[in-house]
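Student: Input work_37.cif, format and content: mmCIF, C-alpha atoms.
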```
data_coords
loop_
_atom_site.label_atom_id
_atom_site.label_comp_id
_atom_site.auth_asym_id
_atom_site.auth_seq_id
_atom_site.Cartn_x
_atom_site.Cartn_y
_atom_site.Cartn_z
CA MET A 1 -28.95 -10.55 -16.84
CA ASP A 2 -26.23 -12.39 -14.92
CA GLY A 3 -27.98 -12.41 -11.56
CA ASP A 4 -25.47 -12.73 -8.72
CA VAL A 5 -22.47 -13.30 -10.98
CA PHE A 6 -19.45 -11.19 -9.95
CA ASP A 7 -19.26 -7.98 -11.98
CA ALA A 8 -15.63 -7.33 -12.95
CA SER A 9 -16.40 -3.67 -13.73
CA THR A 10 -16.60 -3.02 -9.98
CA VAL A 11 -12.88 -3.69 -9.54
CA VAL A 12 -10.91 -0.46 -9.12
CA TRP A 13 -7.35 -0.43 -10.47
CA ALA A 14 -4.29 1.71 -9.84
CA HIS A 15 -2.22 1.59 -13.03
CA GLY A 16 1.52 2.15 -13.43
CA VAL A 17 2.40 2.16 -9.72
CA ASN A 18 6.11 2.25 -10.52
CA SER A 19 7.57 4.74 -8.04
CA SER A 20 7.71 5.16 -4.27
CA HIS A 21 5.41 8.16 -4.46
CA ALA A 22 2.87 6.42 -6.70
CA LEU A 23 2.86 3.43 -4.38
CA ASP A 24 2.30 5.57 -1.28
CA LEU A 25 -0.70 7.21 -2.98
CA ALA A 26 -2.13 3.92 -4.25
CA LEU A 27 -1.93 2.29 -0.84
CA GLN A 28 -4.16 5.06 0.51
CA ASP A 29 -6.79 5.15 -2.24
CA GLU A 30 -9.72 2.90 -3.16
CA ALA A 31 -7.89 0.75 -5.71
CA ALA A 32 -8.28 -2.98 -5.10
CA ILE A 33 -5.51 -4.04 -7.51
CA LEU A 34 -2.16 -2.29 -7.93
CA GLU A 35 -0.65 -2.74 -11.40
CA ALA A 36 3.08 -2.18 -11.77
CA ASP A 37 5.87 -3.03 -14.19
CA VAL A 38 9.05 -4.94 -13.43
CA ILE A 39 12.33 -4.36 -15.26
CA VAL A 40 15.92 -5.36 -14.48
CA ILE A 41 18.59 -2.81 -13.60
CA GLU A 42 22.09 -4.15 -12.98
CA GLY A 43 20.72 -7.60 -12.24
CA VAL A 44 18.07 -6.44 -9.76
CA PRO A 45 14.28 -6.50 -10.33
CA MET A 46 13.13 -2.88 -10.15
CA MET A 47 9.85 -1.09 -10.76
CA GLY A 48 9.70 0.78 -14.06
CA HIS A 49 8.36 0.80 -17.58
CA PRO A 50 10.53 0.70 -20.69
CA PRO A 51 12.21 2.67 -22.12
CA SER A 52 13.03 3.90 -18.62
CA THR A 53 16.23 2.46 -17.16
CA GLN A 54 15.98 4.22 -13.80
CA SER A 55 13.88 3.51 -10.72
CA ASP A 56 13.62 4.67 -7.13
CA ILE A 57 12.18 1.42 -5.76
CA SER A 58 13.10 -2.23 -6.07
CA LEU A 59 10.55 -4.99 -6.43
CA ALA A 60 11.61 -6.34 -3.02
CA THR A 61 10.88 -3.01 -1.31
CA TRP A 62 7.66 -2.52 -3.29
CA LEU A 63 6.33 -5.91 -2.20
CA GLU A 64 7.28 -5.30 1.44
CA LYS A 65 5.28 -2.06 1.43
CA VAL A 66 2.24 -3.72 -0.12
CA LYS A 67 2.34 -6.83 2.08
CA PRO A 68 0.45 -5.45 5.12
CA SER A 69 -2.37 -4.07 2.95
CA SER A 70 -5.46 -5.77 1.57
CA LYS A 71 -4.48 -4.82 -1.99
CA ALA A 72 -4.01 -7.39 -4.73
CA VAL A 73 -1.16 -6.85 -7.17
CA LYS A 74 -0.66 -7.30 -10.88
CA LEU A 75 3.00 -7.50 -11.85
CA ASP A 76 3.80 -6.88 -15.51
CA PHE A 77 7.14 -8.49 -16.28
CA LYS A 78 8.78 -6.76 -19.23
CA THR A 79 11.29 -9.53 -19.93
CA VAL A 80 11.70 -13.21 -19.20
CA GLU A 81 14.77 -12.27 -17.17
CA ALA A 82 12.68 -9.95 -14.99
CA ALA A 83 10.19 -12.75 -14.36
CA ARG A 84 12.86 -15.31 -13.51
CA LEU A 85 14.75 -13.02 -11.14
CA SER A 86 11.50 -12.12 -9.37
CA LEU A 87 10.08 -15.60 -8.78
CA ALA A 88 11.45 -16.15 -5.28
CA LEU A 89 10.42 -12.66 -4.14
CA VAL A 90 6.90 -13.01 -5.50
CA THR A 91 6.49 -16.52 -4.07
CA ALA A 92 7.50 -15.33 -0.59
CA PHE A 93 5.17 -12.33 -0.89
CA SER A 94 2.24 -14.49 -1.98
CA ALA A 95 2.61 -16.70 1.09
CA HIS A 96 1.61 -13.71 3.24
CA LYS A 97 -1.35 -12.59 1.10
CA VAL A 98 -4.93 -13.77 0.86
CA GLU A 99 -5.39 -11.83 -2.38
CA PRO A 100 -4.10 -13.56 -5.53
CA VAL A 101 -1.08 -12.25 -7.40
CA TRP A 102 -1.66 -11.49 -11.07
CA ILE A 103 1.32 -12.51 -13.22
CA ASN A 104 1.27 -10.50 -16.44
CA SER A 105 3.43 -10.61 -19.53
CA ASP A 106 3.08 -10.26 -23.28
CA VAL A 107 3.91 -13.70 -24.58
CA LEU A 108 2.97 -14.01 -28.27
CA PRO A 109 3.00 -11.94 -31.46
CA GLY A 110 -0.12 -9.82 -31.92
CA PRO A 111 -1.31 -7.22 -34.41
CA ASN A 112 1.48 -5.63 -36.45
CA TYR A 113 4.25 -7.36 -34.50
CA SER A 114 6.92 -8.77 -36.79
CA GLY A 115 9.55 -9.75 -34.25
CA GLU A 116 12.28 -7.86 -32.44
CA ALA A 117 15.87 -8.57 -31.49
CA GLY A 118 16.05 -10.22 -28.11
CA ALA A 119 12.45 -11.42 -28.07
CA PRO A 120 12.11 -14.58 -25.96
CA SER A 121 11.43 -17.96 -27.50
CA ARG A 122 8.11 -19.66 -26.92
CA ASP A 123 9.89 -22.36 -24.91
CA ASP A 124 11.42 -19.75 -22.59
CA VAL A 125 8.02 -18.10 -22.08
CA VAL A 126 6.32 -21.41 -21.28
CA SER A 127 9.13 -22.44 -18.92
CA VAL A 128 8.96 -19.30 -16.78
CA LEU A 129 5.15 -19.31 -16.70
CA GLN A 130 5.17 -22.93 -15.60
CA ALA A 131 7.55 -22.00 -12.79
CA TYR A 132 5.10 -19.35 -11.57
CA ALA A 133 2.14 -21.68 -11.99
CA ARG A 134 3.82 -24.32 -9.83
CA SER A 135 5.02 -21.88 -7.17
CA LEU A 136 1.80 -19.84 -7.00
CA PRO A 137 -1.22 -22.15 -7.23
CA SER A 138 -3.62 -19.27 -6.59
CA CYS A 139 -2.09 -16.79 -9.06
CA VAL A 140 -3.96 -15.29 -11.98
CA LEU A 141 -2.13 -15.73 -15.28
CA SER A 142 -2.45 -12.61 -17.43
CA LEU A 143 -1.22 -13.45 -20.92
CA GLY A 144 -1.07 -10.81 -23.63
CA TRP A 145 0.10 -10.21 -27.16
CA TRP A 146 2.90 -7.95 -28.39
CA VAL A 147 1.00 -5.23 -30.24
CA ARG A 148 2.39 -2.48 -32.46
CA ALA A 149 0.81 0.33 -34.45
CA GLY A 150 -0.10 -0.57 -38.00
CA PRO A 151 -2.83 -1.63 -40.41
CA THR A 152 -4.08 -4.69 -38.47
CA THR A 153 -6.76 -3.61 -36.02
CA ALA A 154 -7.95 -6.89 -34.55
CA ILE A 155 -6.90 -9.98 -32.61
CA THR A 156 -7.24 -12.74 -35.20
CA TRP A 157 -8.36 -16.37 -34.97
CA GLU A 158 -4.77 -17.44 -35.57
CA MET A 159 -3.63 -15.34 -32.60
CA VAL A 160 -6.22 -16.72 -30.16
CA SER A 161 -5.53 -20.28 -31.31
CA ALA A 162 -1.81 -19.81 -30.61
CA MET A 163 -2.65 -18.29 -27.23
CA TYR A 164 -4.85 -21.21 -26.27
CA ASP A 165 -2.10 -23.66 -27.22
CA LEU A 166 0.43 -21.78 -25.10
CA TYR A 167 -1.97 -21.61 -22.14
CA ALA A 168 -2.59 -25.36 -22.43
CA ASP A 169 1.17 -26.01 -22.35
CA VAL A 170 1.58 -23.85 -19.25
CA GLU A 171 -1.21 -25.78 -17.52
CA ALA A 172 0.14 -29.17 -18.62
CA ASP A 173 0.64 -30.22 -14.98
CA GLY A 174 -3.13 -30.24 -14.58
CA VAL A 175 -3.43 -27.49 -11.94
CA LYS A 176 -5.76 -24.94 -13.47
CA HIS A 177 -5.30 -21.25 -12.74
CA ARG A 178 -7.52 -18.30 -13.35
CA VAL A 179 -6.49 -16.69 -16.61
CA THR A 180 -7.14 -13.35 -18.24
CA PHE A 181 -6.03 -11.94 -21.57
CA PRO A 182 -5.11 -8.23 -21.63
CA VAL A 183 -6.25 -6.54 -24.83
CA PRO A 184 -5.94 -2.91 -25.99
CA ALA A 185 -9.48 -1.56 -25.75
CA ARG A 186 -9.32 -0.16 -29.28
CA LEU A 187 -8.88 -3.69 -30.68
CA VAL A 188 -11.71 -5.45 -28.85
CA LEU A 189 -14.79 -4.67 -30.91
CA PRO A 190 -13.29 -6.00 -34.18
CA SER A 191 -12.06 -9.06 -32.24
CA VAL A 192 -15.18 -10.11 -30.33
CA GLY A 193 -15.62 -13.47 -32.07
CA PRO A 194 -12.09 -14.80 -31.50
CA LEU A 195 -11.91 -13.38 -27.97
CA ARG A 196 -15.23 -14.89 -26.94
CA TRP A 197 -13.99 -18.25 -28.20
CA LEU A 198 -10.77 -17.94 -26.19
CA VAL A 199 -12.60 -16.89 -23.02
CA ALA A 200 -15.05 -19.79 -23.36
CA LYS A 201 -12.30 -22.29 -24.13
CA THR A 202 -10.21 -21.34 -21.07
CA GLY A 203 -12.95 -20.28 -18.65
CA GLY A 204 -11.07 -16.99 -18.41
CA SER A 205 -11.65 -13.30 -19.03
CA ILE A 206 -10.25 -10.31 -20.89
CA THR A 207 -8.70 -7.24 -19.28
CA LEU A 208 -9.07 -4.02 -21.24
CA PHE A 209 -6.45 -1.29 -21.10
CA ASP A 210 -6.07 1.96 -23.00
CA ARG A 211 -3.46 4.44 -24.16
CA ARG A 212 -3.65 8.18 -24.37
CA ASP A 213 -5.50 9.37 -27.50
CA ASP A 214 -6.47 5.88 -28.66
CA GLY A 215 -10.07 7.05 -29.04
CA THR A 216 -11.78 4.56 -26.73
CA THR A 217 -15.10 5.87 -25.38
CA VAL A 218 -17.53 4.86 -22.65
CA THR A 219 -19.96 3.91 -25.41
CA ASP A 220 -17.37 1.53 -26.88
CA LEU A 221 -16.91 -0.14 -23.50
CA LEU A 222 -20.65 -0.54 -23.01
CA VAL A 223 -20.87 -2.30 -26.36
CA VAL A 224 -17.99 -4.60 -25.39
CA ARG A 225 -19.73 -5.35 -22.09
CA SER A 226 -22.87 -6.37 -23.95
CA ARG A 227 -20.94 -9.04 -25.89
CA PHE A 228 -19.53 -10.82 -22.82
CA ARG A 229 -20.72 -11.89 -19.40
CA VAL A 230 -20.15 -9.29 -16.70
CA ASN A 231 -17.50 -11.44 -14.97
CA GLN A 232 -15.52 -11.80 -18.20
CA VAL A 233 -14.34 -8.19 -18.72
CA TYR A 234 -11.99 -6.28 -16.40
CA TYR A 235 -11.32 -2.58 -17.04
CA ASP A 236 -7.76 -1.48 -16.24
CA MET A 237 -8.41 1.86 -17.92
CA THR A 238 -6.40 5.05 -17.42
CA PHE A 239 -7.86 7.59 -19.87
CA VAL A 240 -11.55 6.62 -19.95
CA ASP A 241 -13.92 8.04 -17.32
CA MET A 242 -14.58 4.90 -15.29
CA GLY A 243 -16.95 6.76 -12.99
CA ARG A 244 -19.18 7.51 -15.95
CA LEU A 245 -18.92 3.93 -17.19
CA ARG A 246 -20.02 2.55 -13.83
CA THR A 247 -22.88 5.05 -13.72
CA GLU A 248 -24.10 3.93 -17.15
CA ILE A 249 -23.81 0.28 -16.08
CA TRP A 250 -25.85 1.04 -12.96
CA LYS A 251 -28.53 2.81 -15.03
CA THR A 252 -28.78 -0.18 -17.33
CA SER A 253 -29.16 -2.56 -14.39
CA GLN A 254 -31.92 -0.39 -12.91
CA ASN A 255 -33.79 -0.38 -16.19
CA CYS A 256 -33.49 -4.17 -16.45
CA ASN A 257 -34.77 -4.58 -12.90
CA LYS A 258 -37.93 -2.69 -13.87
CA LEU A 259 -38.75 -5.18 -16.64
#
```
What would the structure in this file look like if it were written as structure tokens?

Tutor:
Amino acid sequence: MDGDVFDASTVVWAHGVNSSHALDLALQDEAAILEADVIVIEGVPMMGHPPSTQSDISLATWLEKVKPSSKAVKLDFKTVEAARLSLALVTAFSAHKVEPVWINSDVLPGPNYSGEAGAPSRDDVVSVLQAYARSLPSCVLSLGWWVRAGPTTAITWEMVSAMYDLYADVEADGVKHRVTFPVPARLVLPSVGPLRWLVAKTGGSITLFDRRDDGTTVTDLLVVRSRFRVNQVYYDMTFVDMGRLRTEIWKTSQNCNKL
């Protein structure tokens, strides 16, 4: 039992809030964190997820609409350019918010990723993350791997070692930020050893996400939960029944309290 330790499973997410309509709905619901993707269209940061090249709302407008609320935000920058062009907007937004801004991007090769044209260099990734770290002392760094379909079904020791080295370079100024590592839920169980090492080494967490038809079940998530502390696993899940997961977690806690 973790006693009074914060339980990350209680955080409610709104995922893919990339349109005006989706944002209006998310601002009215129970979600505590709004996750959205940032792309660049004609030199302007816009909300959208590749391969889409159209959007009905800019990042500037999106942030203005969120600003009066008590919602936290997680911004998933799809390119280094998107992150760079957004820095001033996000910094100004953060100055008006108590809630931390989560800065998310895939930053290193992961399972089945063999490189793509236009992929940023490690130096470019570190440079833009350092800029955010300096400008947003309270931000949460959310650092993921580029993952593709293929025969490799785990995050390896080599991958977590490279991620730790990159994180250490970003934090070279000595100002430590909260950090989380987003991982496809289907890859977590075969990767528990390396991921636990990374979480312990950084004092961070993992954030699970899913895709349609990837086969992740509530039972899988309960097993993952048993391998980490309750404050070390966030669940940004779209296709798993989170209500059922929270019910099962509650049942387990009640049973433990009877012991």

Student: Restrict the calculation to all atoms listed in the file, then for each residue of region 179-205 of chain A with any atom at most 10 Å from an atom of region 99-120 of chain A give the closest atom pair and their distance in Å to one decimal, rows by chain and rising residue number, as a Markdown table.

Tutor:
```
| residue | atom | partner | partner_atom | distance |
| --- | --- | --- | --- | --- |
| A:Val179 | CA | A:Trp102 | CA | 9.0 |
| A:Thr180 | CA | A:Asn104 | CA | 9.1 |
| A:Phe181 | CA | A:Asn104 | CA | 9.0 |
| A:Pro182 | CA | A:Asn104 | CA | 8.5 |
| A:Val183 | CA | A:Gly110 | CA | 9.9 |
| A:Leu187 | CA | A:Pro111 | CA | 9.1 |
```

Student: Please, what distance in Å, to one decimal, runs between CA of Met163 (chain A) and CA of Thr219 (chain A)?

Tutor: 28.2 Å

Student: Fewer than 2 positions away in the same chain doesn't count, so skip those; otherwise give me all residues within 12 Å of Gln130 (chain A), counting all atoms listed in the file, as JSON, numbers by chain.

Tutor: {"A": [83, 84, 87, 103, 123, 124, 125, 126, 127, 128, 132, 133, 134, 135, 136, 137, 139, 141, 166, 167, 168, 169, 170, 171, 172, 173, 174, 175, 176, 177]}

Student: Under the rule that all atoms listed in the file are counted, which of A:Val38, A:Met47, A:Asp7, A:Leu143 is the nearest residue to Ala22 (chain A)?

Tutor: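 Residue with the minimum atom-to-atom distance to Ala22 (chain A): A:Met47.
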
Student: Rounded to one decimal place, report the CA of Ser20 (chain A)-CA of Phe77 (chain A) distance in Å.

Tutor: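 Pair CA of Ser20 (chain A) / CA of Phe77 (chain A) returns 18.2 Å.
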
Student: Identify all residues satisfying the PyMOL selection byres ((chain A and resi 224-239) around 7) in the given file; provide them as a list in words.

Tutor: Val5, Phe6, Asp7, Ala8, Ser9, Trp13, His15, Leu189, Gly204, Ser205, Ile206, Thr207, Leu208, Phe209, Asp210, Arg211, Arg212, Asp220, Leu221, Leu222, Val223, Val240 and Asp241 of chain A

Student: In Å, how far is it from CA of Ala95 (chain A) to CA of Trp145 (chain A)?

Tutor: 29.1 Å

Student: Between A:Leu198, A:Thr10, A:Thr217, A:Val66, which is the closest to Thr247 (chain A) once you count all atoms listed in the file?

Tutor: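 Distance minimum relative to Thr247 (chain A) lands on A:Thr10.
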
Student: Pick out the closest residue to Leu27 (chain A) from this set: A:Leu59, A:Leu129, A:Ala162, A:Ala72. Count all atoms listed in the file.

Tutor: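 Nearest to Leu27 (chain A): A:Ala72.
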
Student: Need the axis-aligned box for region 101-114 of chain A with 3 Å each side, so what are the centre and edges in Å to one decimal, as JSON?

Tutor:
```
{"center_x": 2.6, "center_y": -9.8, "center_z": -22.1, "size_x": 14.6, "size_y": 14.4, "size_z": 35.4}
```

Student: Which residues fall under the PyMOL selection byres ((chain A and resi 194) around 9) in this file, as a ChimeraX atom specification?

Tutor: /A:155-161,191-193,195-199

Student: Excluding Ile57 (chain A) and residues on its chain fewer than 4 positions from it, collect all residues at most 12 Å away from it, counting all atoms listed in the file, and give them as an MDAnalysis selection string.

Tutor: chainID A and resid 17:24 36:41 44:48 61:65

Student: Go through A:Pro190, A:Ile249, A:Ala200, A:Ser138 and flag the residue nearest Val218 (chain A), using only C-alpha atoms for the distances.

Tutor: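 Closest candidate: A:Ile249.
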